[in-house]
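Text of the file data-v7.pdb, holding PDB, C-alpha atoms:
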```pdb
ATOM      1  CA  MET A   1      62.615  96.349 212.450  1.00  0.00           C
ATOM      2  CA  LYS A   2      59.916  96.821 209.865  1.00  0.00           C
ATOM      3  CA  SER A   3      56.314  95.639 209.558  1.00  0.00           C
ATOM      4  CA  SER A   4      56.611  92.225 211.216  1.00  0.00           C
ATOM      5  CA  GLY A   5      58.722  93.556 214.068  1.00  0.00           C
ATOM      6  CA  PHE A   6      58.708  97.034 215.575  1.00  0.00           C
ATOM      7  CA  ASN A   7      57.044  98.805 212.625  1.00  0.00           C
ATOM      8  CA  ILE A   8      59.091 101.961 213.181  1.00  0.00           C
ATOM      9  CA  GLU A   9      58.603 103.247 209.637  1.00  0.00           C
ATOM     10  CA  ASP A  10      54.998 104.149 210.485  1.00  0.00           C
ATOM     11  CA  THR A  11      55.964 106.786 213.071  1.00  0.00           C
ATOM     12  CA  TYR A  12      56.689 109.530 210.473  1.00  0.00           C
ATOM     13  CA  MET A  13      58.806 111.373 213.059  1.00  0.00           C
ATOM     14  CA  ARG A  14      60.910 114.344 212.001  1.00  0.00           C
ATOM     15  CA  ASP A  15      62.259 115.759 215.281  1.00  0.00           C
ATOM     16  CA  ILE A  16      65.779 114.405 215.803  1.00  0.00           C
ATOM     17  CA  GLU A  17      65.429 114.210 219.591  1.00  0.00           C
ATOM     18  CA  ARG A  18      62.258 112.149 219.313  1.00  0.00           C
ATOM     19  CA  ILE A  19      63.867 109.887 216.721  1.00  0.00           C
ATOM     20  CA  ALA A  20      66.877 109.402 219.009  1.00  0.00           C
ATOM     21  CA  GLY A  21      64.581 108.425 221.888  1.00  0.00           C
ATOM     22  CA  LEU A  22      62.685 106.016 219.658  1.00  0.00           C
ATOM     23  CA  VAL A  23      65.901 104.414 218.429  1.00  0.00           C
ATOM     24  CA  ALA A  24      67.091 103.975 222.017  1.00  0.00           C
ATOM     25  CA  MET A  25      63.820 102.283 223.000  1.00  0.00           C
ATOM     26  CA  VAL A  26      63.914 100.054 219.920  1.00  0.00           C
ATOM     27  CA  CYS A  27      67.481  99.013 220.783  1.00  0.00           C
ATOM     28  CA  VAL A  28      66.398  98.007 224.292  1.00  0.00           C
ATOM     29  CA  ALA A  29      63.370  96.134 222.902  1.00  0.00           C
ATOM     30  CA  LEU A  30      65.524  94.410 220.272  1.00  0.00           C
ATOM     31  CA  VAL A  31      68.031  93.144 222.843  1.00  0.00           C
ATOM     32  CA  TRP A  32      65.187  92.084 225.156  1.00  0.00           C
ATOM     33  CA  ALA A  33      63.466  90.144 222.365  1.00  0.00           C
ATOM     34  CA  TYR A  34      66.755  88.516 221.342  1.00  0.00           C
ATOM     35  CA  LEU A  35      67.529  87.400 224.909  1.00  0.00           C
ATOM     36  CA  VAL A  36      64.007  86.016 225.416  1.00  0.00           C
ATOM     37  CA  GLY A  37      64.151  84.215 222.054  1.00  0.00           C
ATOM     38  CA  LYS A  38      67.583  82.774 222.767  1.00  0.00           C
ATOM     39  CA  HIS A  39      66.514  81.544 226.212  1.00  0.00           C
ATOM     40  CA  LYS A  40      63.322  79.982 224.865  1.00  0.00           C
ATOM     41  CA  ASP A  41      65.201  78.346 221.963  1.00  0.00           C
ATOM     42  CA  MET A  42      67.886  76.871 224.215  1.00  0.00           C
ATOM     43  CA  ASN A  43      65.844  75.940 227.308  1.00  0.00           C
ATOM     44  CA  ILE A  44      62.132  75.657 226.519  1.00  0.00           C
ATOM     45  CA  LYS A  45      61.388  74.754 222.900  1.00  0.00           C
ATOM     46  CA  PRO A  46      63.926  74.895 220.060  1.00  0.00           C
ATOM     47  CA  ILE A  47      62.995  76.714 216.877  1.00  0.00           C
ATOM     48  CA  ARG A  48      62.110  74.283 214.122  1.00  0.00           C
ATOM     49  CA  ILE A  49      64.844  73.707 211.518  1.00  0.00           C
ATOM     50  CA  LEU A  50      63.655  73.784 207.921  1.00  0.00           C
ATOM     51  CA  LYS A  51      64.753  71.371 205.189  1.00  0.00           C
ATOM     52  CA  HIS A  52      67.448  73.739 203.922  1.00  0.00           C
ATOM     53  CA  GLY A  53      69.037  73.848 207.381  1.00  0.00           C
ATOM     54  CA  ARG A  54      67.954  77.292 208.549  1.00  0.00           C
ATOM     55  CA  LYS A  55      65.729  78.042 211.510  1.00  0.00           C
ATOM     56  CA  ALA A  56      62.090  78.747 210.725  1.00  0.00           C
ATOM     57  CA  LYS A  57      62.313  82.149 212.448  1.00  0.00           C
ATOM     58  CA  SER A  58      64.915  84.404 213.993  1.00  0.00           C
ATOM     59  CA  LEU A  59      65.649  84.512 217.700  1.00  0.00           C
ATOM     60  CA  VAL A  60      64.336  88.092 217.788  1.00  0.00           C
ATOM     61  CA  LYS A  61      61.041  87.107 216.170  1.00  0.00           C
ATOM     62  CA  TYR A  62      60.740  84.126 218.527  1.00  0.00           C
ATOM     63  CA  GLY A  63      61.294  86.395 221.512  1.00  0.00           C
ATOM     64  CA  LEU A  64      58.874  89.039 220.225  1.00  0.00           C
ATOM     65  CA  GLU A  65      56.162  86.424 219.853  1.00  0.00           C
ATOM     66  CA  GLU A  66      56.678  85.283 223.454  1.00  0.00           C
ATOM     67  CA  ILE A  67      56.648  88.845 224.817  1.00  0.00           C
ATOM     68  CA  ALA A  68      53.543  89.701 222.768  1.00  0.00           C
ATOM     69  CA  ASN A  69      51.743  86.590 224.036  1.00  0.00           C
ATOM     70  CA  ILE A  70      52.442  87.551 227.629  1.00  0.00           C
ATOM     71  CA  LEU A  71      51.397  91.178 227.189  1.00  0.00           C
ATOM     72  CA  MET A  72      48.363  90.637 224.956  1.00  0.00           C
ATOM     73  CA  ARG A  73      46.859  87.391 226.262  1.00  0.00           C
ATOM     74  CA  PRO A  74      46.009  87.469 229.982  1.00  0.00           C
ATOM     75  CA  SER A  75      45.207  83.758 229.983  1.00  0.00           C
ATOM     76  CA  TYR A  76      48.646  82.805 228.595  1.00  0.00           C
ATOM     77  CA  THR A  77      50.906  81.158 231.182  1.00  0.00           C
ATOM     78  CA  PRO A  78      54.601  81.616 230.313  1.00  0.00           C
ATOM     79  CA  LYS A  79      57.140  78.925 231.174  1.00  0.00           C
ATOM     80  CA  PHE A  80      59.668  81.548 232.356  1.00  0.00           C
ATOM     81  CA  ASP A  81      59.768  85.178 233.456  1.00  0.00           C
ATOM     82  CA  VAL A  82      60.542  87.350 230.417  1.00  0.00           C
ATOM     83  CA  PHE A  83      60.822  90.437 232.590  1.00  0.00           C
ATOM     84  CA  LYS A  84      63.920  89.127 234.364  1.00  0.00           C
ATOM     85  CA  PHE A  85      65.861  89.877 231.178  1.00  0.00           C
ATOM     86  CA  LEU A  86      65.197  93.587 231.726  1.00  0.00           C
ATOM     87  CA  SER A  87      66.902  93.498 235.118  1.00  0.00           C
ATOM     88  CA  CYS A  88      70.591  94.182 235.542  1.00  0.00           C
ATOM     89  CA  THR A  89      70.769  91.859 238.535  1.00  0.00           C
TER      90      THR A  89
END
```
Using structure tokens, write down the structure from this file.
Amino acid sequence: MKSSGFNIEDTYMRDIERIAGLVAMVCVALVWAYLVGKHKDMNIKPIRILKHGRKAKSLVKYGLEEIANILMRPSYTPKFDVFKFLSCT
């Protein structure tokens, strides 16, 4: 949620309605990133396991990286459609 994720602490918002809207959007983005990360970990490329037995990164971080690559790099070709996770169908 902080600097290597959504960086919400830099908004400096004070209006409760705006904060509520931001929190709602962050919740949607968090679930989206988790679902993309989980799908990529299970079906495309598993997250590397470190020597102590933990994954090298979280599923949310893994998903955020994939979403960022798609949105920020026009030449990047994803192996699956990350936008399907936003659909309720």
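For the pair CA of Phe85 (chain A) and CA of Leu50 (chain A), the separation is 28.4 Å.
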Given the file shown, enumerate the residues that the PyMOL selection byres ((chain A and resi 22-26) around 12) captures and present them as a ChimeraX atom specification. /A:1-2,5-9,11-21,27-34
Nearest to Ile67 (chain A) among A:Val82, A:Leu35, A:Ile49, A:Ile44, with distances taken over only C-alpha atoms: which residue is it? A:Val82
For Glu66 (chain A), please output as a short mmCIF file (atom, residue, chain, number, x, y, z; two decimals) with C-alpha atoms, in the coordinates of the input all residues within 12 Å (counting all atoms listed in the file; exclusion window: fewer than 6 positions along the same chain).
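This is the output file result_34.cif:
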```
data_model
loop_
_atom_site.label_atom_id
_atom_site.label_comp_id
_atom_site.auth_asym_id
_atom_site.auth_seq_id
_atom_site.Cartn_x
_atom_site.Cartn_y
_atom_site.Cartn_z
CA TRP A 32 65.19 92.08 225.16
CA ALA A 33 63.47 90.14 222.36
CA TYR A 34 66.76 88.52 221.34
CA LEU A 35 67.53 87.40 224.91
CA VAL A 36 64.01 86.02 225.42
CA GLY A 37 64.15 84.22 222.05
CA LYS A 38 67.58 82.77 222.77
CA HIS A 39 66.51 81.54 226.21
CA LYS A 40 63.32 79.98 224.86
CA ASP A 41 65.20 78.35 221.96
CA ILE A 44 62.13 75.66 226.52
CA LYS A 45 61.39 74.75 222.90
CA LEU A 59 65.65 84.51 217.70
CA VAL A 60 64.34 88.09 217.79
CA MET A 72 48.36 90.64 224.96
CA ARG A 73 46.86 87.39 226.26
CA TYR A 76 48.65 82.80 228.60
CA THR A 77 50.91 81.16 231.18
CA PRO A 78 54.60 81.62 230.31
CA LYS A 79 57.14 78.92 231.17
CA PHE A 80 59.67 81.55 232.36
CA ASP A 81 59.77 85.18 233.46
CA VAL A 82 60.54 87.35 230.42
CA PHE A 83 60.82 90.44 232.59
#
```
Give me the box for region 5-19 of chain A as JSON, namely the centre and edge lengths in Å to one decimal of a box along x, y and z that holds every listed atom plus 8 Å on each side.
```
{"center_x": 60.4, "center_y": 104.7, "center_z": 214.6, "size_x": 26.8, "size_y": 38.2, "size_z": 26.0}
```
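Here CA of Cys88 (chain A) is placed at a distance of 26.1 Å from CA of Pro74 (chain A).
A straight line drawn from CA of Asp10 (chain A) to CA of Leu86 (chain A) is 25.8 Å long.
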